[in-house]
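Below is one structure, written out as structure tokens; the observations come after it.
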Amino acid sequence: MATGTNDLPPGLRTAVMLVTAEGRLAYCNSAAKDMLLGAQAHGARFDDLLENAETLGRILPGTARRILDAAATDKAGETERFTLLDGRLILMATSPDADGVLIEWTDVTPFVEALRSQERDGLTGMLARPALIREISAVAASGERAALLYLNLDRFTGVNNMLGHLAGDNLLKKVAGRIAGLMAQGDVVARTGSDEFVILRRAGGEAVFDMAQSLLEMIARPFMVEGQVVHIGASLGLAFTDGSEGPEDLVRNARLALMKAKPEGGGGIQLFTDEMRDELKRRRLLEIDLRQAMALREFSLAFQPQYEIEGRRLIGFEALLRWQHPQRGAVSPAEFIPLAEDLGLIVPLGEWALRSACKAAAAWPLPLSISVNISPLQFRDPHIVATIVSALSASGLDPMRLELEVTEGALLLNSDAVMLIFQEIKALGVRFALDDFGTGYSSLSYLQKFPFDKIKIDQSFVRNLPGSKDGIAIIRAVAALGSSLGLSIIAEGVETEEQLATIYLNGCKQVQGYLFGRPLAPEAAEALVAKVLAAGVPREGGTP
């Protein structure tokens with residue numbers, strides 16, 4: 001039986017009746033009169049009222065007997081569903097009472113209609129994720145062999161940025177139409193994300209791979225959107241049911257396979273493998289450890305020095321998160337930060353890092369800058385501005401000394417909303433640096449739109465210097481761009497004197513990397529600042 005009416009959402013209309021042991025109606029509220037019984041219900045026999053309602057056509061034939069059976073004293077505590085002649089769905093719950101049986105009829109029609117509206121994606125008309133999960137559950141219960149194809153569009157973000165969201169929506173509808181055209185009878189297709197589609201096919205073997213290839217070929221063909229020819233593509237992850245995992249596990253497996261297909265440049269198909277299953281097990285264990293580390297405060301900050309190349313003058317530090325696990329040892333940020341983002345832990349973890357960095361910098365005897373990385377997901381936190389204000393206030397740090405490093409991923413969430421957040425934070429006096437510059441899709445457009453103060457050249461462009469002509473050209477171009485826009489330029493990952501000389505000769509003025517110093521513990525960073533102060537001028541060594 002279903003759960004009682006107490007488990008339903010608030011706001012639904014409920015008729016309440018008390019039927020005595022003799023079968024008479026001792027009490028009913030106005031909702032009961034309006035819904036079924038009529039105005040002259042009090043004191044009447046309950047069975048007569050129901051039979052009369054059936055005769056008058058208020059309830060469907062046979063409903064009166066079902067209600068009476070469900071209302072029997074020995075069945076109190078159970079529930080029943082029935083439908084009024086006008087189509088409204090009523091959930092009936094009974095409970096024993098000292099004077100008889102208390103009966104509640106709740107009109108759950110609005111609740112059911114709301115659920116049905118969530119069954120479909122409003123843009124494409126395809127199933128939504130909850131409906132997809134139910135379909136997978138049904139297939140699993142039947143024991144059928146099935147495959148899940150998780151498809152993500154390539155280069156869709158670029159279309160959105162260039163042509164606008166309306167054009168992007170139009171493109172998604174066209175993609176959905178092409179996908180639907182390849183579906184066979186019994187296939188289920190859902191839209192589960194902005195540009196993500198999932199297909200459930202009741203089949204196995206090579207036929208599924210043939211279908212996957214057909215999907216990618218169909219989406220790779222040009223689209224006409226807003227009068228322009230648009231070329232995109234798709235990547236696809238594939239997982240098969242094996243009877244041992246639930247529907248959410250199957251979706252997760254297919255999505256992980258998709259993530260493995262994406263780094264190859266798109267357009268690929270990746271099957272979920274046993275190696276990926278082992279990786280998931282390791283991830284689950286790491287997740288448990290990460291949650292425990294949050295509770296036990298196992299995280300710390302390291303501070304990597306940043307220098308002005310001219311005179312090798314210390315100008316600040318970048319705060320870097322570190323996790324020293326009791327058994328695992330040092331866990332790489334590249335491993336635990338994406339996991340923290342997936343688990344929704346990055347907001348409290350990022351807030352802790354921000355507060356700790358501000359507190360440490362406020363204690364330095366020189367007014368050096370402190371750079372703190374901000375995850376894209378932190379921009380979804382409605383309290384981010386208040387958090388920054390609180391961190392600055394609690395530490396006493398001058399806002400001009402705080403620099404927030406963001407990647408293009410933060411700007412892709414919702415550029416208008418993010419712009420407002422930028423403006424609020426900038427009004428505090430805090431500065432912004434665009435991190436990993438040149439590794440994303442449209443950095444130049446972001447520099448025009450957002451009020452950045454600094455560009456960080458990604459270490460991938462520095463690594464192969466001085467032998468990389470492309471790297472030199474990029475550094476020269478970025479330095480010229482920064483000069484024209486009034487932005488500082490800093491290069492990451494500088495490890496050799498040759499790299500330093502190359503970036504300096506091509507216009508880059510600031511640097512960080514192992515050549516100048518590895519990340520330092522808070523005490524070591526404070527000691528370095530004190531050493532610079534004691535030297536009388538904030539500089540180390542000579543010019544390059």
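Labels used: A, B, ... for chains in the order of the structure tokens, numbers from 1 for residues in each chain, and numbers from 1 for ligands as shown.
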Applying 12 Å and only C-alpha atoms, which residues near Leu258 (chain A) remain after dropping the ones on its own chain fewer than 2 positions away? List them as number ranges by chain.
A: 148-154, 196-198, 234-239, 251-256, 260-273, 276
Hey, what does DSSP flag as strand (DSSP E or B) within region 94-279 of chain A? Can you give it to me as a PyMOL selection string?
chain A and resi 94-97+100-107+120+127+147-154+188-193+196-201+223-225+228-230+233-240+269-271
Which polymer residues have any atom within 6 Å of an atom of Asp107 (chain A), counting only C-alpha atoms, with same-chain residues fewer than 3 positions away left out, as a short mmCIF file (atom, residue, chain, number, x, y, z; two decimals) with C-alpha atoms, in the first residue's frame?
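Ended up saving to around-v6.cif:
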data_model
loop_
_atom_site.label_atom_id
_atom_site.label_comp_id
_atom_site.auth_asym_id
_atom_site.auth_seq_id
_atom_site.Cartn_x
_atom_site.Cartn_y
_atom_site.Cartn_z
CA ARG A 13 -7.00 19.87 -0.26
CA LEU A 89 -7.49 11.52 -8.24
CA ILE A 90 -8.24 10.98 -4.55
#
As a count of residues only, please: every residue in region 218-376 of chain A that DSSP puts in helix (DSSP H, G or I).
72
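Shell of Ser483 (chain A) at 12 Å, with only C-alpha atoms counted and residues fewer than 2 places along the chain excluded, is Asp453, Lys454, Ile455, Arg476, Ala477, Val478, Ala479, Ala480, Leu481, Leu485, Gly486, Leu487, Ser488, Ile489, Gly507, Cys508 and Lys509 of chain A.
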Include N, CA and C atoms and write out the residues we just selected as an mmCIF file, in the first residue's frame.
data_model
loop_
_atom_site.group_PDB
_atom_site.id
_atom_site.type_symbol
_atom_site.label_atom_id
_atom_site.label_comp_id
_atom_site.auth_asym_id
_atom_site.auth_seq_id
_atom_site.Cartn_x
_atom_site.Cartn_y
_atom_site.Cartn_z
ATOM 1 N N ASP A 453 42.329 42.201 -13.670
ATOM 2 C CA ASP A 453 43.513 43.010 -13.390
ATOM 3 C C ASP A 453 44.791 42.324 -13.865
ATOM 4 N N LYS A 454 44.725 41.000 -14.022
ATOM 5 C CA LYS A 454 45.925 40.241 -14.343
ATOM 6 C C LYS A 454 45.568 39.037 -15.213
ATOM 7 N N ILE A 455 46.508 38.629 -16.048
ATOM 8 C CA ILE A 455 46.407 37.406 -16.838
ATOM 9 C C ILE A 455 47.520 36.469 -16.398
ATOM 10 N N ARG A 476 54.492 36.441 -26.303
ATOM 11 C CA ARG A 476 54.664 37.786 -26.852
ATOM 12 C C ARG A 476 53.307 38.449 -27.100
ATOM 13 N N ALA A 477 52.353 37.667 -27.659
ATOM 14 C CA ALA A 477 51.028 38.212 -27.967
ATOM 15 C C ALA A 477 50.260 38.560 -26.695
ATOM 16 N N VAL A 478 50.353 37.693 -25.691
ATOM 17 C CA VAL A 478 49.640 37.952 -24.436
ATOM 18 C C VAL A 478 50.235 39.165 -23.729
ATOM 19 N N ALA A 479 51.544 39.277 -23.741
ATOM 20 C CA ALA A 479 52.190 40.433 -23.115
ATOM 21 C C ALA A 479 51.766 41.727 -23.794
ATOM 22 N N ALA A 480 51.688 41.719 -25.118
ATOM 23 C CA ALA A 480 51.251 42.913 -25.850
ATOM 24 C C ALA A 480 49.790 43.213 -25.542
ATOM 25 N N LEU A 481 48.975 42.165 -25.470
ATOM 26 C CA LEU A 481 47.561 42.353 -25.139
ATOM 27 C C LEU A 481 47.409 42.958 -23.752
ATOM 28 N N LEU A 485 45.722 46.605 -22.653
ATOM 29 C CA LEU A 485 44.532 46.637 -21.791
ATOM 30 C C LEU A 485 44.850 47.108 -20.376
ATOM 31 N N GLY A 486 46.128 47.367 -20.103
ATOM 32 C CA GLY A 486 46.510 47.806 -18.762
ATOM 33 C C GLY A 486 46.492 46.689 -17.740
ATOM 34 N N LEU A 487 46.739 45.439 -18.175
ATOM 35 C CA LEU A 487 46.715 44.286 -17.283
ATOM 36 C C LEU A 487 48.127 43.794 -17.002
ATOM 37 N N SER A 488 48.348 43.279 -15.789
ATOM 38 C CA SER A 488 49.616 42.631 -15.460
ATOM 39 C C SER A 488 49.629 41.241 -16.086
ATOM 40 N N ILE A 489 50.820 40.755 -16.399
ATOM 41 C CA ILE A 489 50.980 39.412 -16.968
ATOM 42 C C ILE A 489 51.964 38.646 -16.097
ATOM 43 N N GLY A 507 58.364 40.175 -23.088
ATOM 44 C CA GLY A 507 57.431 41.139 -22.518
ATOM 45 C C GLY A 507 56.732 40.760 -21.244
ATOM 46 N N CYS A 508 56.948 39.552 -20.720
ATOM 47 C CA CYS A 508 56.296 39.149 -19.471
ATOM 48 C C CYS A 508 57.110 39.669 -18.290
ATOM 49 N N LYS A 509 56.459 40.311 -17.331
ATOM 50 C CA LYS A 509 57.169 41.001 -16.255
ATOM 51 C C LYS A 509 57.122 40.289 -14.912
#
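Computed from the coordinates, the CA of Gln304 (chain A) to CA of Glu318 (chain A) distance equals 5.2 Å.
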Where does region 455-531 of chain A meet region 360-378 of chain A within 12 Å, residue by residue, with the nearest atom pair and distance in Å to one decimal for each, counting only C-alpha atoms, listed by chain and rising number, as a Markdown table?
| residue | atom | partner | partner_atom | distance |
| --- | --- | --- | --- | --- |
| A:Lys456 | CA | A:Ser371 | CA | 11.4 |
| A:Gln512 | CA | A:Ser371 | CA | 11.9 |
| A:Ala521 | CA | A:Ala360 | CA | 10.7 |
| A:Pro522 | CA | A:Ala360 | CA | 7.1 |
| A:Glu523 | CA | A:Ala360 | CA | 9.2 |
| A:Ala524 | CA | A:Trp364 | CA | 11.3 |
| A:Ala525 | CA | A:Trp364 | CA | 8.7 |
| A:Glu526 | CA | A:Trp364 | CA | 6.0 |
| A:Ala527 | CA | A:Trp364 | CA | 8.9 |
| A:Leu528 | CA | A:Trp364 | CA | 9.6 |
| A:Val529 | CA | A:Trp364 | CA | 6.6 |
| A:Ala530 | CA | A:Pro365 | CA | 6.5 |
| A:Lys531 | CA | A:Pro365 | CA | 10.0 |
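Considering the residues A:Ser95, A:Met183, A:Leu50, A:Pro451 and counting only C-alpha atoms, Leu215 (chain A) has its shortest atom-to-atom contact with A:Met183.
Among the candidate residues A:Ser300, A:Ser30, A:Gln448, A:Ser468, the one lying nearest to Leu349 (chain A) is A:Ser300, with distances computed using only C-alpha atoms.
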Exercise: Glu217 (chain A) partners within 9 Å, only C-alpha atoms, chain neighbours under 3 positions left out, as a list in words:
Ala212, Gln213, Ser214, Ala220, Arg221, Gly233, Ala234 and Gly267 of chain A
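Comparing A:Arg355, A:Arg202, A:Arg24, A:Arg284 by their smallest distance to Leu102 (chain A), the closest is A:Arg24 (using only C-alpha atoms).
For Glu80 (chain A), the non-local neighbours within 7 Å, defined as residues at least 2 positions apart in the same chain or in other chains and counting only C-alpha atoms, are A:Ala70, A:Phe82, A:Leu91, A:Met92, A:Ala93.
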Would you save the residues of that selection, restricted to N, CA and C atoms, as a PDB file, in the first residue's frame?
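That gives us out_36.pdb:
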ATOM      1  N   ALA A  70     -12.191  -0.394   2.275  1.00  0.00           N
ATOM      2  CA  ALA A  70     -10.970   0.225   2.804  1.00  0.00           C
ATOM      3  C   ALA A  70     -11.217   0.880   4.152  1.00  0.00           C
ATOM      4  N   PHE A  82      -8.896   6.338  -5.557  1.00  0.00           N
ATOM      5  CA  PHE A  82     -10.041   6.268  -6.454  1.00  0.00           C
ATOM      6  C   PHE A  82     -10.165   7.580  -7.213  1.00  0.00           C
ATOM      7  N   LEU A  91      -6.644  10.264  -2.888  1.00  0.00           N
ATOM      8  CA  LEU A  91      -5.916   9.319  -2.058  1.00  0.00           C
ATOM      9  C   LEU A  91      -6.634   9.237  -0.719  1.00  0.00           C
ATOM     10  N   MET A  92      -7.066   8.023  -0.364  1.00  0.00           N
ATOM     11  CA  MET A  92      -7.819   7.822   0.874  1.00  0.00           C
ATOM     12  C   MET A  92      -6.937   7.143   1.900  1.00  0.00           C
ATOM     13  N   ALA A  93      -6.885   7.700   3.095  1.00  0.00           N
ATOM     14  CA  ALA A  93      -6.140   7.111   4.204  1.00  0.00           C
ATOM     15  C   ALA A  93      -7.071   6.965   5.391  1.00  0.00           C
TER      16      ALA A  93
END
